[in-house]
$ cat coords.cif   # mmCIF, C-alpha atoms and all ligand atoms
data_run
#
loop_
_atom_site.group_PDB
_atom_site.id
_atom_site.type_symbol
_atom_site.label_atom_id
_atom_site.label_comp_id
_atom_site.auth_asym_id
_atom_site.auth_seq_id
_atom_site.Cartn_x
_atom_site.Cartn_y
_atom_site.Cartn_z
ATOM 1 C CA MET A 1 -37.920 14.374 -2.294
ATOM 2 C CA SER A 2 -40.549 11.617 -2.087
ATOM 3 C CA ARG A 3 -42.832 11.162 -5.031
ATOM 4 C CA ALA A 4 -46.516 12.090 -4.773
ATOM 5 C CA ARG A 5 -48.778 9.058 -4.548
ATOM 6 C CA ILE A 6 -51.386 9.476 -7.282
ATOM 7 C CA ALA A 7 -54.384 7.258 -8.033
ATOM 8 C CA THR A 8 -56.958 7.267 -10.787
ATOM 9 C CA VAL A 9 -60.368 5.638 -10.511
ATOM 10 C CA TRP A 10 -62.783 4.645 -13.258
ATOM 11 C CA LEU A 11 -66.415 4.615 -12.119
ATOM 12 C CA ASP A 12 -69.339 4.937 -14.573
ATOM 13 C CA GLY A 13 -67.557 6.631 -17.449
ATOM 14 C CA CYS A 14 -66.407 5.783 -20.945
ATOM 15 C CA SER A 15 -62.651 5.939 -20.156
ATOM 16 C CA GLY A 16 -62.388 9.091 -22.266
ATOM 17 C CA CYS A 17 -61.140 11.083 -19.287
ATOM 18 C CA HIS A 18 -58.360 8.535 -18.760
ATOM 19 C CA MET A 19 -57.579 8.773 -22.483
ATOM 20 C CA SER A 20 -57.262 12.534 -22.095
ATOM 21 C CA LEU A 21 -54.797 11.970 -19.242
ATOM 22 C CA LEU A 22 -52.741 9.764 -21.567
ATOM 23 C CA ASP A 23 -52.934 12.520 -24.188
ATOM 24 C CA LEU A 24 -50.394 14.386 -22.067
ATOM 25 C CA ASP A 25 -48.000 12.351 -24.229
ATOM 26 C CA GLU A 26 -44.368 13.364 -23.680
ATOM 27 C CA ALA A 27 -45.344 15.593 -20.739
ATOM 28 C CA LEU A 28 -45.934 12.321 -18.853
ATOM 29 C CA ILE A 29 -42.193 11.687 -19.046
ATOM 30 C CA GLY A 30 -41.577 14.946 -17.184
ATOM 31 C CA LEU A 31 -44.123 14.020 -14.526
ATOM 32 C CA ALA A 32 -42.912 10.438 -14.072
ATOM 33 C CA PRO A 33 -40.017 11.185 -11.655
ATOM 34 C CA LYS A 34 -42.341 13.249 -9.450
ATOM 35 C CA ILE A 35 -45.239 10.835 -9.064
ATOM 36 C CA GLU A 36 -45.943 7.252 -8.136
ATOM 37 C CA LEU A 37 -49.095 5.881 -9.753
ATOM 38 C CA VAL A 38 -50.470 3.617 -7.033
ATOM 39 C CA PHE A 39 -53.924 2.624 -8.320
ATOM 40 C CA GLY A 40 -56.076 2.787 -11.450
ATOM 41 C CA PRO A 41 -56.739 1.091 -14.785
ATOM 42 C CA LEU A 42 -53.184 1.912 -15.851
ATOM 43 C CA VAL A 43 -51.567 -0.139 -13.065
ATOM 44 C CA ASP A 44 -52.092 -3.625 -11.663
ATOM 45 C CA ALA A 45 -53.059 -2.833 -8.044
ATOM 46 C CA GLN A 46 -56.143 -4.799 -7.019
ATOM 47 C CA GLU A 47 -57.058 -2.843 -3.902
ATOM 48 C CA PHE A 48 -57.209 0.908 -3.377
ATOM 49 C CA PRO A 49 -54.219 1.687 -1.115
ATOM 50 C CA GLU A 50 -53.913 3.778 2.019
ATOM 51 C CA GLY A 51 -52.104 7.112 2.069
ATOM 52 C CA VAL A 52 -52.849 8.437 -1.414
ATOM 53 C CA ASP A 53 -52.019 12.104 -1.998
ATOM 54 C CA VAL A 54 -54.320 12.827 -4.950
ATOM 55 C CA THR A 55 -57.027 10.704 -6.571
ATOM 56 C CA PHE A 56 -58.598 11.564 -9.914
ATOM 57 C CA VAL A 57 -62.075 10.059 -10.263
ATOM 58 C CA GLU A 58 -63.650 9.574 -13.687
ATOM 59 C CA GLY A 59 -67.332 8.732 -14.006
ATOM 60 C CA ALA A 60 -70.590 8.976 -12.124
ATOM 61 C CA VAL A 61 -71.527 6.891 -9.100
ATOM 62 C CA SER A 62 -73.984 4.394 -10.587
ATOM 63 C CA SER A 63 -73.639 1.081 -8.765
ATOM 64 C CA HIS A 64 -73.187 -0.118 -5.209
ATOM 65 C CA ASP A 65 -69.601 -1.019 -6.150
ATOM 66 C CA ASP A 66 -69.030 2.554 -7.370
ATOM 67 C CA LEU A 67 -70.354 3.898 -4.069
ATOM 68 C CA ARG A 68 -68.128 1.627 -1.971
ATOM 69 C CA LEU A 69 -65.057 2.521 -4.029
ATOM 70 C CA ALA A 70 -65.834 6.259 -3.854
ATOM 71 C CA GLN A 71 -66.101 6.033 -0.059
ATOM 72 C CA THR A 72 -62.802 4.138 0.121
ATOM 73 C CA VAL A 73 -61.172 6.756 -2.125
ATOM 74 C CA ARG A 74 -62.335 9.523 0.205
ATOM 75 C CA ALA A 75 -61.173 7.733 3.328
ATOM 76 C CA ARG A 76 -57.709 7.045 1.887
ATOM 77 C CA SER A 77 -56.972 10.183 -0.187
ATOM 78 C CA ARG A 78 -55.853 13.611 0.967
ATOM 79 C CA PHE A 79 -57.227 15.340 -2.155
ATOM 80 C CA VAL A 80 -59.988 14.090 -4.455
ATOM 81 C CA VAL A 81 -60.536 15.455 -7.968
ATOM 82 C CA ALA A 82 -63.798 14.896 -9.858
ATOM 83 C CA LEU A 83 -62.406 14.502 -13.374
ATOM 84 C CA GLY A 84 -64.783 15.180 -16.238
ATOM 85 C CA ASP A 85 -68.463 15.914 -16.629
ATOM 86 C CA CYS A 86 -69.637 12.445 -15.581
ATOM 87 C CA ALA A 87 -67.947 12.823 -12.195
ATOM 88 C CA VAL A 88 -68.926 16.492 -11.901
ATOM 89 C CA THR A 89 -72.611 16.328 -12.959
ATOM 90 C CA ALA A 90 -73.329 12.614 -13.692
ATOM 91 C CA ASN A 91 -73.651 13.668 -17.363
ATOM 92 C CA VAL A 92 -74.336 10.725 -19.730
ATOM 93 C CA PRO A 93 -74.878 8.063 -17.019
ATOM 94 C CA SER A 94 -77.691 10.185 -15.540
ATOM 95 C CA MET A 95 -79.739 9.796 -18.732
ATOM 96 C CA ARG A 96 -81.186 6.639 -17.183
ATOM 97 C CA ASN A 97 -82.262 8.354 -13.960
ATOM 98 C CA GLN A 98 -85.929 8.708 -14.943
ATOM 99 C CA ILE A 99 -86.249 4.941 -15.454
ATOM 100 C CA PRO A 100 -86.360 2.488 -12.538
ATOM 101 C CA PRO A 101 -83.310 0.155 -12.732
ATOM 102 C CA LYS A 102 -85.415 -3.041 -12.982
ATOM 103 C CA LYS A 103 -87.400 -1.700 -15.923
ATOM 104 C CA LEU A 104 -84.222 -0.430 -17.585
ATOM 105 C CA LEU A 105 -82.397 -3.767 -17.290
ATOM 106 C CA GLU A 106 -85.395 -5.732 -18.563
ATOM 107 C CA ARG A 107 -85.732 -3.416 -21.548
ATOM 108 C CA ILE A 108 -82.082 -4.018 -22.476
ATOM 109 C CA TYR A 109 -81.512 -7.675 -21.567
ATOM 110 C CA VAL A 110 -84.999 -9.188 -22.008
ATOM 111 C CA ASP A 111 -87.038 -7.105 -24.470
ATOM 112 C CA GLY A 112 -84.076 -5.875 -26.490
ATOM 113 C CA VAL A 113 -82.406 -9.189 -27.419
ATOM 114 C CA ASN A 114 -83.259 -12.315 -29.442
ATOM 115 C CA VAL A 115 -81.426 -14.855 -27.260
ATOM 116 C CA ASN A 116 -80.768 -15.389 -23.536
ATOM 117 C CA HIS A 117 -83.681 -13.302 -22.298
ATOM 118 C CA ARG A 118 -82.229 -12.843 -18.866
ATOM 119 C CA VAL A 119 -80.906 -9.977 -16.770
ATOM 120 C CA PRO A 120 -77.302 -10.916 -15.869
ATOM 121 C CA ALA A 121 -76.703 -11.220 -12.133
ATOM 122 C CA ASP A 122 -73.391 -13.013 -11.541
ATOM 123 C CA GLY A 123 -70.444 -10.638 -11.237
ATOM 124 C CA VAL A 124 -72.526 -7.645 -12.258
ATOM 125 C CA PRO A 125 -72.646 -4.834 -9.675
ATOM 126 C CA ALA A 126 -76.172 -3.876 -8.636
ATOM 127 C CA LEU A 127 -77.264 -0.475 -9.908
ATOM 128 C CA LEU A 128 -78.148 2.329 -7.546
ATOM 129 C CA LYS A 129 -81.542 3.896 -8.139
ATOM 130 C CA GLN A 130 -79.863 6.860 -9.803
ATOM 131 C CA ALA A 131 -76.452 7.771 -11.215
ATOM 132 C CA SER A 132 -75.029 10.611 -9.104
ATOM 133 C CA PRO A 133 -72.218 13.119 -9.391
ATOM 134 C CA LEU A 134 -69.309 12.336 -7.110
ATOM 135 C CA HIS A 135 -69.887 15.289 -4.755
ATOM 136 C CA GLU A 136 -73.323 13.912 -3.836
ATOM 137 C CA VAL A 137 -71.760 10.881 -2.163
ATOM 138 C CA ILE A 138 -68.356 12.085 -0.932
ATOM 139 C CA ARG A 139 -66.573 15.394 -0.356
ATOM 140 C CA VAL A 140 -64.749 16.539 -3.481
ATOM 141 C CA ASP A 141 -61.802 18.927 -3.309
ATOM 142 C CA LEU A 142 -61.689 20.021 -6.964
ATOM 143 C CA HIS A 143 -64.049 19.763 -9.945
ATOM 144 C CA VAL A 144 -62.505 19.578 -13.416
ATOM 145 C CA PRO A 145 -65.309 19.765 -16.021
ATOM 146 C CA GLY A 146 -65.078 18.713 -19.650
ATOM 147 C CA CYS A 147 -66.080 15.737 -21.716
ATOM 148 C CA PRO A 148 -63.294 14.986 -21.506
ATOM 149 C CA PRO A 149 -61.257 17.747 -19.861
ATOM 150 C CA PRO A 150 -58.395 18.759 -22.175
ATOM 151 C CA ALA A 151 -55.061 17.064 -21.532
ATOM 152 C CA ALA A 152 -53.438 20.455 -20.958
ATOM 153 C CA ALA A 153 -55.893 21.203 -18.139
ATOM 154 C CA ILE A 154 -55.225 17.834 -16.501
ATOM 155 C CA GLY A 155 -51.484 18.435 -16.775
ATOM 156 C CA TYR A 156 -51.929 21.886 -15.254
ATOM 157 C CA VAL A 157 -53.917 20.458 -12.327
ATOM 158 C CA ILE A 158 -51.261 17.824 -11.628
ATOM 159 C CA SER A 159 -48.413 20.354 -11.843
ATOM 160 C CA GLU A 160 -50.125 22.845 -9.559
ATOM 161 C CA LEU A 161 -50.961 20.212 -6.961
ATOM 162 C CA LEU A 162 -47.383 18.924 -7.055
ATOM 163 C CA ALA A 163 -46.234 22.507 -6.443
ATOM 164 C CA GLY A 164 -48.536 22.735 -3.422
ATOM 165 C CA ARG A 165 -50.897 25.218 -5.065
ATOM 166 C CA ARG A 166 -54.637 25.019 -5.602
ATOM 167 C CA PRO A 167 -55.273 25.023 -9.386
ATOM 168 C CA ASP A 168 -57.208 27.986 -10.764
ATOM 169 C CA LEU A 169 -59.180 26.522 -13.658
ATOM 170 C CA ALA A 170 -60.847 29.752 -14.785
ATOM 171 C CA GLY A 171 -60.736 29.852 -18.594
ATOM 172 C CA LYS A 172 -59.016 26.466 -18.840
ATOM 173 C CA VAL A 173 -62.019 24.110 -18.852
ATOM 174 C CA LYS A 174 -65.663 24.096 -19.889
ATOM 175 C CA PHE A 175 -68.540 21.669 -19.740
ATOM 176 C CA GLY A 176 -69.053 19.388 -22.721
HETATM 177 S S1 LIG B 201 -66.891 13.045 -19.015
HETATM 178 FE FE1 LIG B 201 -67.080 12.452 -21.195
HETATM 179 S S2 LIG B 201 -65.074 11.542 -21.677
HETATM 180 FE FE2 LIG B 201 -65.242 11.568 -19.424
HETATM 181 S S3 LIG B 201 -66.128 9.575 -18.886
HETATM 182 FE FE3 LIG B 201 -67.843 10.981 -19.121
HETATM 183 S S4 LIG B 201 -68.528 10.711 -21.255
HETATM 184 FE FE4 LIG B 201 -66.470 9.847 -21.103
#
$ encode --input "coords.cif" --output "structure tokens" --more "lines below"
Ligand code: SF4
Amino acid sequence: MSRARIATVWLDGCSGCHMSLLDLDEALIGLAPKIELVFGPLVDAQEFPEGVDVTFVEGAVSSHDDLRLAQTVRARSRFVVALGDCAVTANVPSMRNQIPPKKLLERIYVDGVNVNHRVPADGVPALLKQASPLHEVIRVDLHVPGCPPPAAAIGYVISELLAGRRPDLAGKVKFG
């Protein structure tokens, strides 16, 4: 049987949702023969590949780079999971949504420092006007709330999808 091609993506999040995935600990050993991890911060792939079975997306969509990557994920993945409250609701990243990006960046990089009063531009992705939940920019197949979602819930989602079933998350996850 061929292994499922799984990707993980880190948008505007703190990496806590990825840490929760790693908290599966020894259960990862059981999953390893059934999956091929083809993209994400845990592997060295530079470009999001074609033909991905399931992609887990952590974080809100906050920059133009985030938006492009989210659109690529959707175009190349059969099933997309919004993993964690930042992907599901925009959560912490949305705290800046009432402030225009230019004003926000100047407050941090110009008013808020003693040296180099300058908003960085080189290699820094331009912010979108607002941080958005994933489903506002692409179609999402499953929402997994939690900050972060518990490892057991992530493991359950992976196992159910591998078995060809749609996970029923009732009672297994909650916001926050
Ligand atoms: S949902 Fe929580 S743990 Fe996950 S990226 Fe956002 S702040 Fe971090």
$ closest_atom_pairs --input "coords.cif" --of "range 120-163 of chain A" --to "range 79-91 of chain A" --cutoff "7 Å" --atoms "only C-alpha atoms" --output "Markdown table"
| residue | atom | partner | partner_atom | distance |
| --- | --- | --- | --- | --- |
| A:Ala131 | CA | A:Ala90 | CA | 6.3 |
| A:Ser132 | CA | A:Ala90 | CA | 5.3 |
| A:Pro133 | CA | A:Ala90 | CA | 4.5 |
| A:Leu134 | CA | A:Ala87 | CA | 5.3 |
| A:Val140 | CA | A:Val80 | CA | 5.4 |
| A:Asp141 | CA | A:Val80 | CA | 5.3 |
| A:Leu142 | CA | A:Val81 | CA | 4.8 |
| A:His143 | CA | A:Ala82 | CA | 4.9 |
| A:Val144 | CA | A:Leu83 | CA | 5.1 |
| A:Pro145 | CA | A:Gly84 | CA | 4.6 |
| A:Gly146 | CA | A:Gly84 | CA | 4.9 |
| A:Cys147 | CA | A:Asp85 | CA | 5.6 |
| A:Pro148 | CA | A:Gly84 | CA | 5.5 |
| A:Pro149 | CA | A:Gly84 | CA | 5.7 |
$ resolve_selection --input "coords.cif" --expression "the PyMOL selection byres (((chain A and resi 96) around 12) and not hetatm)" --output "list of chain:residue names"
A:Ala60, A:Ser62, A:Ala90, A:Asn91, A:Val92, A:Pro93, A:Ser94, A:Met95, A:Asn97, A:Gln98, A:Ile99, A:Pro100, A:Pro101, A:Lys102, A:Lys103, A:Leu104, A:Leu105, A:Arg107, A:Ile108, A:Leu127, A:Leu128, A:Lys129, A:Gln130, A:Ala131, A:Ser132
$ closest_residue --input "coords.cif" --among "A:Gly13, A:Gly59, A:Gly155, A:Gly123" --to "Lys172 in chain A" --atoms "only C-alpha atoms"
A:Gly155
$ axis_aligned_box --input "coords.cif" --around "ligand LIG 201 (chain B)" --padding-each-side "6 Å" --output "lines of an AutoDock Vina configuration file"
center_x = -66.8
center_y = 11.3
center_z = -20.3
size_x = 15.5
size_y = 15.5
size_z = 14.8
$ atom_distance --input "coords.cif" --atom1 "CA of Ser77 in chain A" --atom2 "CA of Cys14 in chain A"
23.2 Å
$ closest_residue --input "coords.cif" --among "A:Glu160, A:Asp168, A:Asp12, A:Glu136" --to "Val57 in chain A" --atoms "only C-alpha atoms"
A:Asp12
